[in-house]
file target-v6.txt (compact mmCIF, C-alpha atoms)
# COMPACT_ATOMS: atom_id res chain seq x y z
CA MET P 1 0.00 0.00 0.00
CA THR P 2 3.01 2.28 0.49
CA VAL P 3 3.37 2.35 -3.30
CA TYR P 4 -0.14 3.74 -3.77
CA LEU P 5 0.16 6.18 -0.88
CA SER P 6 3.33 7.59 -2.43
CA LEU P 7 1.64 7.64 -5.82
CA ALA P 8 -1.22 9.67 -4.33
CA GLY P 9 1.35 12.16 -3.02
CA VAL P 10 3.19 12.36 -6.35
CA LEU P 11 -0.04 12.78 -8.34
CA PHE P 12 -1.20 15.46 -5.94
CA LEU P 13 2.01 17.33 -6.48
CA ILE P 14 1.93 16.96 -10.29
CA GLY P 15 -1.66 18.14 -10.32
CA LEU P 16 -0.98 21.08 -8.04
CA HIS P 17 2.09 22.16 -10.00
CA GLY P 18 0.22 21.86 -13.30
CA PHE P 19 -2.76 23.72 -11.94
CA PHE P 20 -0.68 26.71 -10.85
CA THR P 21 1.82 26.91 -13.70
CA ALA P 22 -0.09 25.76 -16.79
CA GLY P 23 -0.28 28.39 -19.50
CA SER P 24 -3.73 27.52 -20.79
CA LEU P 25 -7.10 26.78 -19.28
CA LEU P 26 -7.37 23.34 -20.89
CA ARG P 27 -4.07 22.24 -19.32
CA ARG P 28 -5.22 23.61 -16.02
CA LEU P 29 -8.33 21.48 -16.32
CA LEU P 30 -6.28 18.35 -17.00
CA ALA P 31 -4.15 19.13 -13.97
CA LEU P 32 -7.28 19.56 -11.87
CA ASN P 33 -8.43 16.11 -12.98
CA VAL P 34 -5.07 14.61 -11.95
CA LEU P 35 -5.41 16.37 -8.60
CA THR P 36 -8.87 14.86 -8.08
CA THR P 37 -7.56 11.40 -8.89
CA ALA P 38 -4.88 11.81 -6.23
CA VAL P 39 -7.54 12.57 -3.62
CA PHE P 40 -9.63 9.58 -4.76
CA LEU P 41 -6.54 7.38 -4.50
CA LEU P 42 -5.96 8.47 -0.90
CA PHE P 43 -9.60 7.66 -0.04
CA VAL P 44 -9.40 4.21 -1.58
CA VAL P 45 -6.07 3.39 0.08
CA MET P 46 -7.61 4.37 3.41
CA ALA P 47 -10.56 2.09 2.67
CA ARG P 48 -8.16 -0.73 1.82
CA LEU P 49 -6.16 -0.27 5.04
CA ALA P 50 -9.29 -0.62 7.16
CA GLU P 51 -10.23 -4.08 8.33
CA PRO P 52 -12.62 -5.26 6.88
CA LEU P 53 -12.68 -3.36 3.57
CA ASP P 54 -14.57 -0.09 4.04
CA PRO P 55 -17.24 0.46 1.33
CA VAL P 56 -18.12 4.04 2.36
CA PRO P 57 -15.09 5.75 0.73
CA HIS P 58 -15.76 3.66 -2.38
CA ALA P 59 -19.27 5.09 -2.61
CA ILE P 60 -17.95 8.61 -1.99
CA VAL P 61 -15.33 8.23 -4.73
CA LEU P 62 -18.00 6.96 -7.16
CA THR P 63 -19.98 10.10 -6.41
CA GLY P 64 -16.82 12.15 -6.81
CA ILE P 65 -16.08 10.72 -10.27
CA VAL P 66 -19.50 11.78 -11.55
CA VAL P 67 -19.14 15.24 -10.00
CA THR P 68 -15.69 15.54 -11.61
CA VAL P 69 -17.01 14.73 -15.07
CA SER P 70 -19.81 17.31 -14.63
CA ASN P 71 -17.25 19.86 -13.54
CA THR P 72 -14.97 19.03 -16.48
CA ALA P 73 -17.83 19.24 -18.97
CA VAL P 74 -18.92 22.70 -17.78
CA ALA P 75 -15.33 23.96 -17.70
CA LEU P 76 -14.69 22.64 -21.22
CA ALA P 77 -17.81 24.33 -22.53
CA LEU P 78 -16.60 27.61 -21.02
CA VAL P 79 -13.07 27.14 -22.40
CA VAL P 80 -14.44 26.54 -25.90
CA ARG P 81 -16.65 29.65 -25.66
CA ILE P 82 -13.72 31.77 -24.45
CA ALA P 83 -11.48 30.52 -27.25
CA GLY P 84 -14.25 31.23 -29.77
CA ARG P 85 -14.64 34.76 -28.47
CA VAL P 86 -10.89 35.36 -28.63
CA ARG P 87 -10.87 34.07 -32.20
CA ALA P 88 -13.81 36.31 -33.13
CA HIS P 89 -12.05 39.43 -31.78
CA PRO P 90 -8.35 38.94 -32.46
CA ASP P 91 -7.60 42.53 -31.37
CA ASP P 92 -8.60 41.75 -27.81
CA ALA P 93 -6.58 38.58 -27.79
CA GLY P 94 -3.19 40.24 -27.83
CA SER P 95 -3.86 42.41 -24.82
CA GLY P 96 -5.51 39.66 -22.76
CA SER P 97 -3.57 37.47 -20.39
CA ARG P 98 -2.22 34.28 -21.87
CA GLY P 99 -4.69 32.19 -19.90
CA ASP P 100 -7.51 33.77 -21.86
CA ALA P 101 -6.77 31.83 -24.97
CA GLY P 102 -8.18 28.65 -23.54
CA MET H 1 1.10 -12.17 -4.76
CA GLY H 2 4.23 -11.18 -2.90
CA VAL H 3 7.13 -9.91 -4.95
CA ALA H 4 5.38 -10.16 -8.33
CA GLY H 5 2.48 -8.08 -7.04
CA LEU H 6 4.86 -5.51 -5.61
CA ILE H 7 6.75 -5.22 -8.91
CA PHE H 8 3.45 -4.84 -10.77
CA ASP H 9 2.30 -2.11 -8.38
CA GLY H 10 5.63 -0.32 -8.71
CA LEU H 11 5.57 -0.38 -12.51
CA LEU H 12 1.93 0.70 -12.56
CA ALA H 13 2.69 3.59 -10.19
CA LEU H 14 5.63 4.70 -12.33
CA ALA H 15 3.54 4.56 -15.49
CA LEU H 16 0.72 6.52 -13.84
CA ALA H 17 3.06 9.20 -12.53
CA TRP H 18 4.69 9.52 -15.99
CA LEU H 19 1.31 9.77 -17.75
CA ALA H 20 0.07 12.35 -15.25
CA TRP H 21 3.24 14.36 -15.86
CA GLN H 22 2.77 14.06 -19.62
CA SER H 23 -0.85 15.10 -19.45
CA THR H 24 0.05 18.33 -17.66
CA ARG H 25 3.39 19.07 -19.35
CA ALA H 26 3.34 17.62 -22.89
CA VAL H 27 4.12 20.26 -25.50
CA ASP H 28 1.37 19.13 -27.85
CA LEU H 29 -2.09 19.45 -26.41
CA PHE H 30 -3.38 16.38 -28.26
CA HIS H 31 -0.55 14.38 -26.71
CA ALA H 32 -1.58 15.69 -23.29
CA VAL H 33 -5.22 14.72 -23.75
CA VAL H 34 -4.39 11.22 -24.98
CA SER H 35 -1.99 10.79 -22.06
CA PHE H 36 -4.81 11.72 -19.74
CA ILE H 37 -7.17 9.16 -21.30
CA VAL H 38 -4.56 6.41 -20.97
CA PHE H 39 -3.94 7.60 -17.43
CA GLY H 40 -7.65 7.03 -16.68
CA LEU H 41 -7.54 3.54 -18.14
CA LEU H 42 -4.45 2.56 -16.13
CA MET H 43 -6.06 4.11 -13.06
CA ALA H 44 -8.86 1.56 -13.51
CA LEU H 45 -6.20 -1.15 -13.18
CA ALA H 46 -4.94 0.47 -9.98
CA TRP H 47 -8.48 0.52 -8.57
CA VAL H 48 -8.75 -3.21 -9.22
CA ARG H 49 -5.45 -3.71 -7.39
CA LEU H 50 -6.90 -1.75 -4.46
CA GLU H 51 -9.97 -4.03 -4.38
CA ALA H 52 -12.33 -1.32 -5.62
CA PRO H 53 -13.91 -2.90 -8.73
CA ASP H 54 -16.89 -0.51 -8.64
CA ILE H 55 -14.57 2.45 -8.96
CA ALA H 56 -12.61 0.65 -11.69
CA LEU H 57 -15.79 0.27 -13.75
CA ALA H 58 -16.79 3.89 -13.18
CA GLU H 59 -13.29 5.19 -13.93
CA ALA H 60 -13.02 3.24 -17.16
CA ALA H 61 -16.50 4.25 -18.34
CA ILE H 62 -16.80 7.80 -16.99
CA GLY H 63 -13.29 8.91 -16.05
CA ALA H 64 -11.55 7.71 -19.21
CA GLY H 65 -14.47 7.18 -21.61
CA ALA H 66 -16.89 10.08 -21.15
CA THR H 67 -14.22 12.60 -20.07
CA GLY H 68 -12.02 11.48 -22.97
CA ALA H 69 -14.83 12.03 -25.47
CA LEU H 70 -15.52 15.48 -23.98
CA LEU H 71 -11.84 16.47 -24.07
CA LEU H 72 -11.28 15.26 -27.62
CA SER H 73 -14.37 16.99 -28.95
CA ALA H 74 -13.38 20.22 -27.17
CA LEU H 75 -9.91 19.88 -28.67
CA ASP H 76 -11.54 19.52 -32.07
CA ARG H 77 -13.31 22.86 -31.56
CA LEU H 78 -10.02 24.51 -30.57
CA ALA H 79 -8.12 22.91 -33.40
CA THR H 80 -7.54 25.95 -35.59
CA HIS H 81 -3.91 26.83 -35.83
CA ASP H 82 -4.47 30.18 -34.19
CA ALA H 83 -6.12 28.76 -31.09
CA ARG H 84 -3.73 25.85 -30.85
CA ARG H 85 -0.63 28.01 -31.00
CA ARG H 86 -1.68 29.78 -27.85
CA LEU H 87 -2.21 26.45 -26.13
CA LEU H 88 1.43 25.43 -26.47
CA TYR H 89 3.08 24.70 -23.20
CA GLU H 90 5.12 27.57 -21.84
CA PRO H 91 7.72 26.24 -19.43
CA ALA H 92 7.58 27.56 -15.92
CA THR H 93 10.82 29.01 -14.71
CA ALA H 94 10.36 28.89 -10.95
CA TRP H 95 12.05 25.54 -10.40
CA GLY H 96 14.01 27.01 -7.50
CA PHE H 97 10.69 27.37 -5.72
CA TRP H 98 8.93 24.22 -6.93
CA ILE H 99 11.60 21.60 -6.26
CA PRO H 100 12.13 22.34 -2.52
CA ALA H 101 8.48 23.27 -1.91
CA GLY H 102 7.26 20.22 -3.82
CA GLY H 103 9.65 17.90 -2.03
CA ALA H 104 8.59 19.17 1.38
CA LEU H 105 4.94 18.99 0.46
CA LEU H 106 5.31 15.47 -0.93
CA GLY H 107 7.17 14.25 2.15
CA GLY H 108 4.70 15.86 4.52
CA LEU H 109 1.66 14.59 2.64
CA THR H 110 2.91 11.02 2.38
CA LEU H 111 3.89 10.98 6.05
CA ALA H 112 0.54 12.43 7.09
CA ALA H 113 -1.33 9.95 4.92
CA TRP H 114 0.75 7.12 6.35
CA LYS H 115 -0.06 8.19 9.92
CA LEU H 116 -3.76 8.69 9.24
CA PRO H 117 -5.91 6.28 11.24
CA ALA H 118 -8.11 4.09 9.05
CA PRO H 119 -10.79 2.76 11.36
CA GLY H 120 -13.28 2.18 8.57
CA LEU H 121 -17.00 1.53 8.72
CA GLY H 122 -16.78 -1.97 7.29
CA HIS H 123 -18.26 -3.70 10.34
CA GLU H 124 -21.16 -1.25 10.62
CA VAL H 125 -22.01 -1.57 6.93
CA LEU H 126 -21.87 -5.37 7.04
CA ALA H 127 -24.09 -5.41 10.15
CA ALA H 128 -26.72 -3.21 8.47
CA LEU H 129 -26.46 -4.90 5.08
CA LYS H 130 -29.17 -7.46 5.85
CA GLY H 131 -31.93 -4.87 6.02
CA SER H 132 -30.65 -2.69 3.17
CA GLY H 133 -32.40 -4.57 0.36
CA VAL H 134 -29.21 -5.40 -1.58
CA ASP H 135 -26.25 -7.73 -1.07
CA HIS H 136 -23.48 -5.49 -2.37
CA PRO H 137 -22.09 -3.14 0.29
CA VAL H 138 -21.17 -0.29 -2.11
CA THR H 139 -24.67 -0.27 -3.65
CA ALA H 140 -26.16 -0.36 -0.16
CA VAL H 141 -24.13 2.72 0.82
CA LEU H 142 -24.90 4.55 -2.43
CA LEU H 143 -28.64 3.97 -2.56
CA ASN H 144 -29.63 3.31 1.01
CA PHE H 145 -27.30 4.43 3.79
CA ARG H 146 -26.03 7.53 2.02
CA ALA H 147 -28.65 7.96 -0.68
CA LEU H 148 -28.51 11.73 -0.10
CA ASP H 149 -25.06 11.76 -1.76
CA THR H 150 -26.49 10.07 -4.83
CA LEU H 151 -29.44 12.47 -4.94
CA LEU H 152 -27.13 15.48 -4.85
CA GLU H 153 -24.78 13.91 -7.37
CA ILE H 154 -27.54 13.46 -9.94
CA GLY H 155 -28.53 17.02 -9.14
CA VAL H 156 -25.00 18.19 -9.94
CA LEU H 157 -25.05 16.29 -13.23
CA LEU H 158 -28.39 17.83 -14.19
CA LEU H 159 -27.14 21.27 -13.17
CA ALA H 160 -24.05 20.79 -15.37
CA ALA H 161 -26.23 19.90 -18.36
CA VAL H 162 -28.47 22.93 -17.73
CA THR H 163 -25.43 25.20 -17.39
CA ILE H 164 -23.92 23.98 -20.65
CA TRP H 165 -27.21 24.31 -22.50
CA SER H 166 -27.71 27.82 -21.14
CA LEU H 167 -24.40 28.90 -22.71
CA GLY H 168 -25.94 28.72 -26.14
CA ARG H 169 -26.82 26.47 -29.01
CA ALA H 170 -24.93 23.28 -29.66
CA PRO H 171 -22.44 23.61 -32.49
CA SER H 172 -23.56 21.82 -35.61
CA PRO H 173 -21.57 18.71 -36.31
CA VAL H 174 -18.78 19.59 -38.74
CA ALA H 175 -16.47 16.60 -38.60
CA ALA H 176 -16.33 14.71 -41.84
CA MET H 177 -17.14 11.05 -41.66
CA PRO H 178 -13.80 9.29 -41.31
CA SER H 179 -14.97 6.01 -42.75
CA PRO H 180 -18.20 4.44 -43.97
CA ALA H 181 -17.51 1.55 -41.58
CA LEU H 182 -18.33 3.71 -38.56
CA PRO H 183 -22.12 3.96 -39.04
CA ALA H 184 -22.31 0.22 -39.72
CA LEU H 185 -20.20 -0.54 -36.66
CA GLY H 186 -22.31 1.83 -34.55
CA ARG H 187 -25.52 0.12 -35.58
CA LEU H 188 -23.95 -3.25 -34.87
CA LEU H 189 -22.56 -2.27 -31.48
CA PHE H 190 -25.40 -0.22 -30.03
CA PRO H 191 -27.52 -3.26 -29.02
CA VAL H 192 -24.42 -4.63 -27.26
CA PHE H 193 -24.08 -1.35 -25.35
CA VAL H 194 -27.71 -1.61 -24.25
CA LEU H 195 -27.24 -5.24 -23.23
CA VAL H 196 -24.09 -4.50 -21.20
CA ALA H 197 -25.80 -1.53 -19.52
CA ALA H 198 -28.81 -3.65 -18.54
CA TYR H 199 -26.53 -6.37 -17.22
CA LEU H 200 -24.47 -3.93 -15.15
CA LEU H 201 -27.64 -2.39 -13.75
CA TRP H 202 -29.09 -5.72 -12.70
CA ARG H 203 -25.75 -6.88 -11.34
CA GLY H 204 -25.49 -3.85 -9.01
CA SER H 205 -27.71 -5.44 -6.37
CA HIS H 206 -25.24 -8.19 -5.54
CA ALA H 207 -21.89 -7.39 -7.18
CA PRO H 208 -19.86 -4.46 -8.54
CA GLY H 209 -21.96 -2.61 -11.11
CA GLY H 210 -25.04 -0.47 -10.67
CA ALA H 211 -26.54 2.66 -12.09
CA PHE H 212 -23.37 4.69 -12.69
CA PRO H 213 -21.34 2.28 -14.80
CA ALA H 214 -24.56 1.22 -16.58
CA GLY H 215 -25.53 4.80 -17.35
CA ALA H 216 -22.00 5.60 -18.50
CA VAL H 217 -21.92 2.62 -20.87
CA LEU H 218 -25.30 3.55 -22.35
CA GLY H 219 -24.23 7.19 -22.66
CA ALA H 220 -21.01 6.10 -24.41
CA GLY H 221 -23.11 4.05 -26.84
CA ALA H 222 -25.21 7.13 -27.59
CA ILE H 223 -22.06 9.22 -28.16
CA LEU H 224 -20.73 6.56 -30.54
CA MET H 225 -24.00 6.64 -32.49
CA ARG H 226 -23.76 10.42 -32.63
CA LEU H 227 -20.21 10.19 -33.96
CA ALA H 228 -21.43 7.69 -36.53
CA GLY H 229 -23.79 10.36 -37.83
CA ALA H 230 -27.05 9.25 -36.25
CA ARG H 231 -29.71 11.91 -35.72
CA SER H 232 -29.83 13.03 -32.14
CA TRP H 233 -32.95 12.01 -30.32
CA ILE H 234 -32.67 15.20 -28.30
CA ARG H 235 -33.96 18.03 -30.49
CA SER H 236 -35.02 21.54 -29.72
CA SER H 237 -38.16 21.54 -31.82
CA GLU H 238 -39.89 18.91 -29.73
CA ARG H 239 -40.81 19.00 -26.11
CA GLY H 240 -39.96 15.35 -26.32
CA PRO H 241 -39.88 12.61 -23.71
CA TRP H 242 -36.15 13.14 -23.30
CA ARG H 243 -36.82 16.14 -21.08
CA TRP H 244 -38.56 13.86 -18.64
CA ILE H 245 -35.85 11.24 -18.79
CA LEU H 246 -33.16 13.86 -18.10
CA SER H 247 -34.83 14.75 -14.83
CA LEU H 248 -36.28 11.31 -14.09
CA GLY H 249 -33.36 10.26 -11.86
CA LEU H 250 -33.48 13.39 -9.72
CA ALA H 251 -37.29 13.34 -9.52
CA MET H 252 -37.39 9.70 -8.44
CA MET H 253 -34.65 10.19 -5.85
CA LEU H 254 -36.47 13.25 -4.48
CA ALA H 255 -39.73 11.33 -4.35
CA ALA H 256 -38.02 8.47 -2.50
CA ALA H 257 -36.45 10.97 -0.11
CA VAL H 258 -39.65 12.73 0.88
CA THR H 259 -41.87 9.65 1.00
CA GLY H 260 -40.35 8.84 4.40
CA PRO H 261 -41.12 12.14 6.17
CA LEU H 262 -44.62 12.27 4.61
CA SER H 263 -45.51 8.86 6.00
CA GLY H 264 -44.03 9.48 9.43
CA GLN H 265 -40.61 7.96 8.87
CA ALA H 266 -37.13 9.42 8.65
CA PHE H 267 -35.72 11.29 5.63
CA PHE H 268 -34.84 8.77 2.89
CA GLU H 269 -36.17 5.87 4.95
CA TYR H 270 -37.79 3.35 2.65
CA PRO H 271 -41.06 1.72 3.76
CA PRO H 272 -40.35 -1.55 5.59
CA GLY H 273 -39.79 -4.52 3.31
CA THR H 274 -39.66 -2.47 0.11
CA ALA H 275 -35.98 -1.48 0.15
CA GLY H 276 -35.01 -4.01 -2.54
CA PRO H 277 -37.61 -3.01 -5.16
CA MET H 278 -37.18 0.67 -4.29
CA ILE H 279 -33.45 0.50 -4.89
CA LEU H 280 -33.94 -1.33 -8.19
CA LEU H 281 -36.47 1.31 -9.30
CA LEU H 282 -34.14 4.14 -8.31
CA GLU H 283 -31.24 2.47 -10.10
CA VAL H 284 -33.19 2.11 -13.34
CA ALA H 285 -34.30 5.75 -13.17
CA ALA H 286 -30.84 7.00 -12.24
CA GLY H 287 -29.17 4.85 -14.90
CA LEU H 288 -31.41 6.19 -17.69
CA SER H 289 -30.93 9.76 -16.49
CA ILE H 290 -27.16 9.40 -16.23
CA ALA H 291 -26.92 7.95 -19.74
CA LEU H 292 -28.91 10.79 -21.25
CA LEU H 293 -27.22 13.46 -19.10
CA LEU H 294 -23.74 12.32 -20.16
CA PHE H 295 -24.91 12.50 -23.75
CA ALA H 296 -26.38 15.94 -23.06
CA LEU H 297 -23.02 17.11 -21.69
CA TYR H 298 -21.38 15.84 -24.86
CA LEU H 299 -23.68 17.96 -27.07
CA ARG H 300 -21.98 21.10 -25.67
CA GLY H 301 -24.99 23.36 -25.98
CA GLU H 302 -28.70 23.51 -26.20
CA PRO H 303 -29.73 20.93 -28.78
CA ARG H 304 -30.59 22.32 -32.16
CA ASP H 305 -32.99 20.89 -34.63
CA ASP H 306 -30.93 18.86 -37.03
CA GLY H 307 -33.66 18.91 -39.63
CA PRO H 308 -34.38 15.92 -41.76
CA TRP H 309 -31.25 14.18 -42.86
CA PRO H 310 -31.78 12.21 -46.00
CA ASP H 311 -30.27 8.76 -45.90
CA GLY H 312 -26.79 8.61 -47.32
CA GLN H 313 -26.06 12.26 -46.49
CA ARG H 314 -25.33 11.73 -42.87
CA GLY H 315 -21.70 12.53 -43.28
CA ASP H 316 -22.44 16.10 -42.14
CA GLY H 317 -20.46 17.54 -45.02
CA GLN H 318 -23.37 19.73 -46.06
CA ARG H 319 -23.88 21.08 -42.57
CA GLU H 320 -20.88 23.31 -42.78
CA GLY H 321 -22.56 25.69 -45.20
CA VAL H 322 -25.51 26.07 -42.88
CA ARG H 323 -23.32 27.10 -40.02
call {"tool": "encode", "arguments": {"input": "target-v6.txt", "output": "structure tokens"}}
result
Amino acid sequence: MTVYLSLAGVLFLIGLHGFFTAGSLLRRLLALNVLTTAVFLLFVVMARLAEPLDPVPHAIVLTGIVVTVSNTAVALALVVRIAGRVRAHPDDAGSGSRGDAG
Amino acid sequence: MGVAGLIFDGLLALALAWLAWQSTRAVDLFHAVVSFIVFGLLMALAWVRLEAPDIALAEAAIGAGATGALLLSALDRLATHDARRRLLYEPATAWGFWIPAGGALLGGLTLAAWKLPAPGLGHEVLAALKGSGVDHPVTAVLLNFRALDTLLEIGVLLLAAVTIWSLGRAPSPVAAMPSPALPALGRLLFPVFVLVAAYLLWRGSHAPGGAFPAGAVLGAGAILMRLAGARSWIRSSERGPWRWILSLGLAMMLAAAVTGPLSGQAFFEYPPGTAGPMILLLEVAAGLSIALLLFALYLRGEPRDDGPWPDGQRGDGQREGVR
């Protein structure tokens, strides 16, 4: 289980780093998804360490996966709209921050 | 298991860490998205190793499948050279901050996680399982002990679909048909998708499965049909039955929740002896809603009326002019 605990830590770090340093919104979204997976992994490892196997974190993670996909879908829709707006008004694009481009 | 299992876990962890790194750092955005999809699939393997087959099913179907389809179709919309150029990875320079801070954070987190007590509720769940109406502990938690979570989760999914639809009309399909084999394959495979979804739904009462994987599989089948050029059942011109199915899951869960208080019982308490049928009913409703909601998310906007598509012209080539 140490392997998966360490993996949760590493994924958390990769996600956090990506989330704060990524140059575009889509990359930031991917990093956020990695971050979520790290948290899920911690939950499931905790469930596995309990004796007997604890089904409650499993149920919570299942809920979390569906909430994550909803979150991702809404964020993607917004990213696509923002990119479309930037494309429609190229003059604004240059002055905007680099995150604006999607 | 022993050593072989440990080696497998180690390799899997290395691969997952590498894919996660690639999906946040890869120069090409397409590369990043594909890395993320493979990451989701390998994650499903890790869930199996951690004795969480329910999560493995959900991760493979929703985490990798539905999210992957959403990401790829969003990427397709951003695919003009102009938009893509701005999406190139710009390297961060603050490594002097990130390496020590990251190392400290990683050490602290792993140590804290290692020291965390894991008492677990396994005994309590097993003790209450007999009266829950199902034999599978995870389904019992999802639809009986903590059904409120599931209610709110379907609410979140519905809210996401409403939010996306409120942003505007769905873009008309512009992708050219890659191959004539796709529609034929879609028609061939869709009954299999329905069969697998029904099986997963039924299986949920006594084994890993249930409404979420079933709904995700059915939704994926619908997305495949859409990609194969099928006319969307969800159209703006009709106040069709799909509106009811979208909200069916939430409505049924709400009805089940308030039946208790109205008849003098606790919130979300099922009438005595009816827990099994109630859970099955809720699972069917939730599964149908989840399938259609995932498809609704994939449409990326309020559905438009596709108009009559003559047979043989479903390749969407002529739609571009309309747009």
call {"tool": "atom_distance", "arguments": {"input": "target-v6.txt", "atom1": "atom CA of P:Thr68", "atom2": "atom CA of H:Glu51"}}
result
21.6 Å
call {"tool": "interface_residues", "arguments": {"input": "target-v6.txt", "of": "chain P", "to": "chain H", "cutoff": "6 Å", "atoms": "only C-alpha atoms", "output": "number ranges by chain"}}
result
P: 6, 9, 18, 23-24, 27, 31, 46, 50, 52-55, 59, 62, 70, 74
call {"tool": "closest_residue", "arguments": {"input": "target-v6.txt", "among": "P:Ile60, P:Val44, P:Val34, P:Val3", "to": "H:Leu148", "atoms": "only C-alpha atoms"}}
result
P:Ile60
call {"tool": "closest_residue", "arguments": {"input": "target-v6.txt", "among": "P:Arg81, P:Thr36, P:Leu25, P:Val61", "to": "P:Leu11", "atoms": "all atoms listed in the file"}}
result
P:Thr36
call {"tool": "atom_distance", "arguments": {"input": "target-v6.txt", "atom1": "atom CA of H:Gly133", "atom2": "atom CA of H:Ala275"}}
result
4.7 Å
call {"tool": "closest_residue", "arguments": {"input": "target-v6.txt", "among": "H:Leu189, H:Ala207, H:Val284, H:Ala256", "to": "H:Pro271", "atoms": "only C-alpha atoms"}}
result
H:Ala256
call {"tool": "atom_distance", "arguments": {"input": "target-v6.txt", "atom1": "atom CA of H:Ala61", "atom2": "atom CA of H:Ala214"}}
result
8.8 Å
call {"tool": "residues_around", "arguments": {"input": "target-v6.txt", "residues": "H:Leu195", "least_positions_apart": "6", "cutoff": "12 Å", "atoms": "only C-alpha atoms", "output": "PyMOL selection string"}}
result
chain H and resi 189+201-202+214-215+217-218+221
call {"tool": "closest_residue", "arguments": {"input": "target-v6.txt", "among": "P:Leu29, P:Val66, P:Ile14, P:Leu49", "to": "P:Val79", "atoms": "all atoms listed in the file"}}
result
P:Leu29
call {"tool": "build_atoms", "arguments": {"input": "target-v6.txt", "residues": "stretch 246-261 of chain H", "atoms": "N, CA and C atoms", "output": "mmCIF file, keeping the file's coordinate frame"}}
result
data_model
loop_
_atom_site.group_PDB
_atom_site.id
_atom_site.type_symbol
_atom_site.label_atom_id
_atom_site.label_comp_id
_atom_site.auth_asym_id
_atom_site.auth_seq_id
_atom_site.Cartn_x
_atom_site.Cartn_y
_atom_site.Cartn_z
ATOM 1 N N LEU H 246 -34.290 13.133 -18.677
ATOM 2 C CA LEU H 246 -33.160 13.860 -18.100
ATOM 3 C C LEU H 246 -33.361 14.105 -16.616
ATOM 4 N N SER H 247 -34.593 14.426 -16.238
ATOM 5 C CA SER H 247 -34.830 14.750 -14.830
ATOM 6 C C SER H 247 -35.437 13.586 -14.063
ATOM 7 N N LEU H 248 -35.634 12.448 -14.741
ATOM 8 C CA LEU H 248 -36.280 11.310 -14.090
ATOM 9 C C LEU H 248 -35.512 10.858 -12.844
ATOM 10 N N GLY H 249 -34.166 10.744 -12.979
ATOM 11 C CA GLY H 249 -33.360 10.260 -11.860
ATOM 12 C C GLY H 249 -33.535 11.139 -10.643
ATOM 13 N N LEU H 250 -33.370 12.466 -10.849
ATOM 14 C CA LEU H 250 -33.480 13.390 -9.720
ATOM 15 C C LEU H 250 -34.889 13.360 -9.137
ATOM 16 N N ALA H 251 -35.906 13.334 -10.008
ATOM 17 C CA ALA H 251 -37.290 13.340 -9.520
ATOM 18 C C ALA H 251 -37.586 12.097 -8.687
ATOM 19 N N MET H 252 -37.132 10.936 -9.179
ATOM 20 C CA MET H 252 -37.390 9.700 -8.440
ATOM 21 C C MET H 252 -36.666 9.692 -7.105
ATOM 22 N N MET H 253 -35.407 10.158 -7.106
ATOM 23 C CA MET H 253 -34.650 10.190 -5.850
ATOM 24 C C MET H 253 -35.327 11.130 -4.860
ATOM 25 N N LEU H 254 -35.789 12.295 -5.363
ATOM 26 C CA LEU H 254 -36.470 13.250 -4.480
ATOM 27 C C LEU H 254 -37.747 12.639 -3.919
ATOM 28 N N ALA H 255 -38.494 11.951 -4.802
ATOM 29 C CA ALA H 255 -39.730 11.330 -4.350
ATOM 30 C C ALA H 255 -39.443 10.296 -3.269
ATOM 31 N N ALA H 256 -38.379 9.488 -3.498
ATOM 32 C CA ALA H 256 -38.020 8.470 -2.500
ATOM 33 C C ALA H 256 -37.601 9.131 -1.200
ATOM 34 N N ALA H 257 -36.939 10.298 -1.319
ATOM 35 C CA ALA H 257 -36.450 10.970 -0.110
ATOM 36 C C ALA H 257 -37.590 11.497 0.734
ATOM 37 N N VAL H 258 -38.604 12.080 0.087
ATOM 38 C CA VAL H 258 -39.650 12.730 0.880
ATOM 39 C C VAL H 258 -40.791 11.794 1.228
ATOM 40 N N THR H 259 -40.822 10.596 0.633
ATOM 41 C CA THR H 259 -41.870 9.650 1.000
ATOM 42 C C THR H 259 -41.791 9.311 2.482
ATOM 43 N N GLY H 260 -40.552 9.161 2.989
ATOM 44 C CA GLY H 260 -40.350 8.840 4.400
ATOM 45 C C GLY H 260 -40.995 9.843 5.334
ATOM 46 N N PRO H 261 -40.544 11.125 5.268
ATOM 47 C CA PRO H 261 -41.120 12.140 6.170
ATOM 48 C C PRO H 261 -42.634 12.268 6.029
#
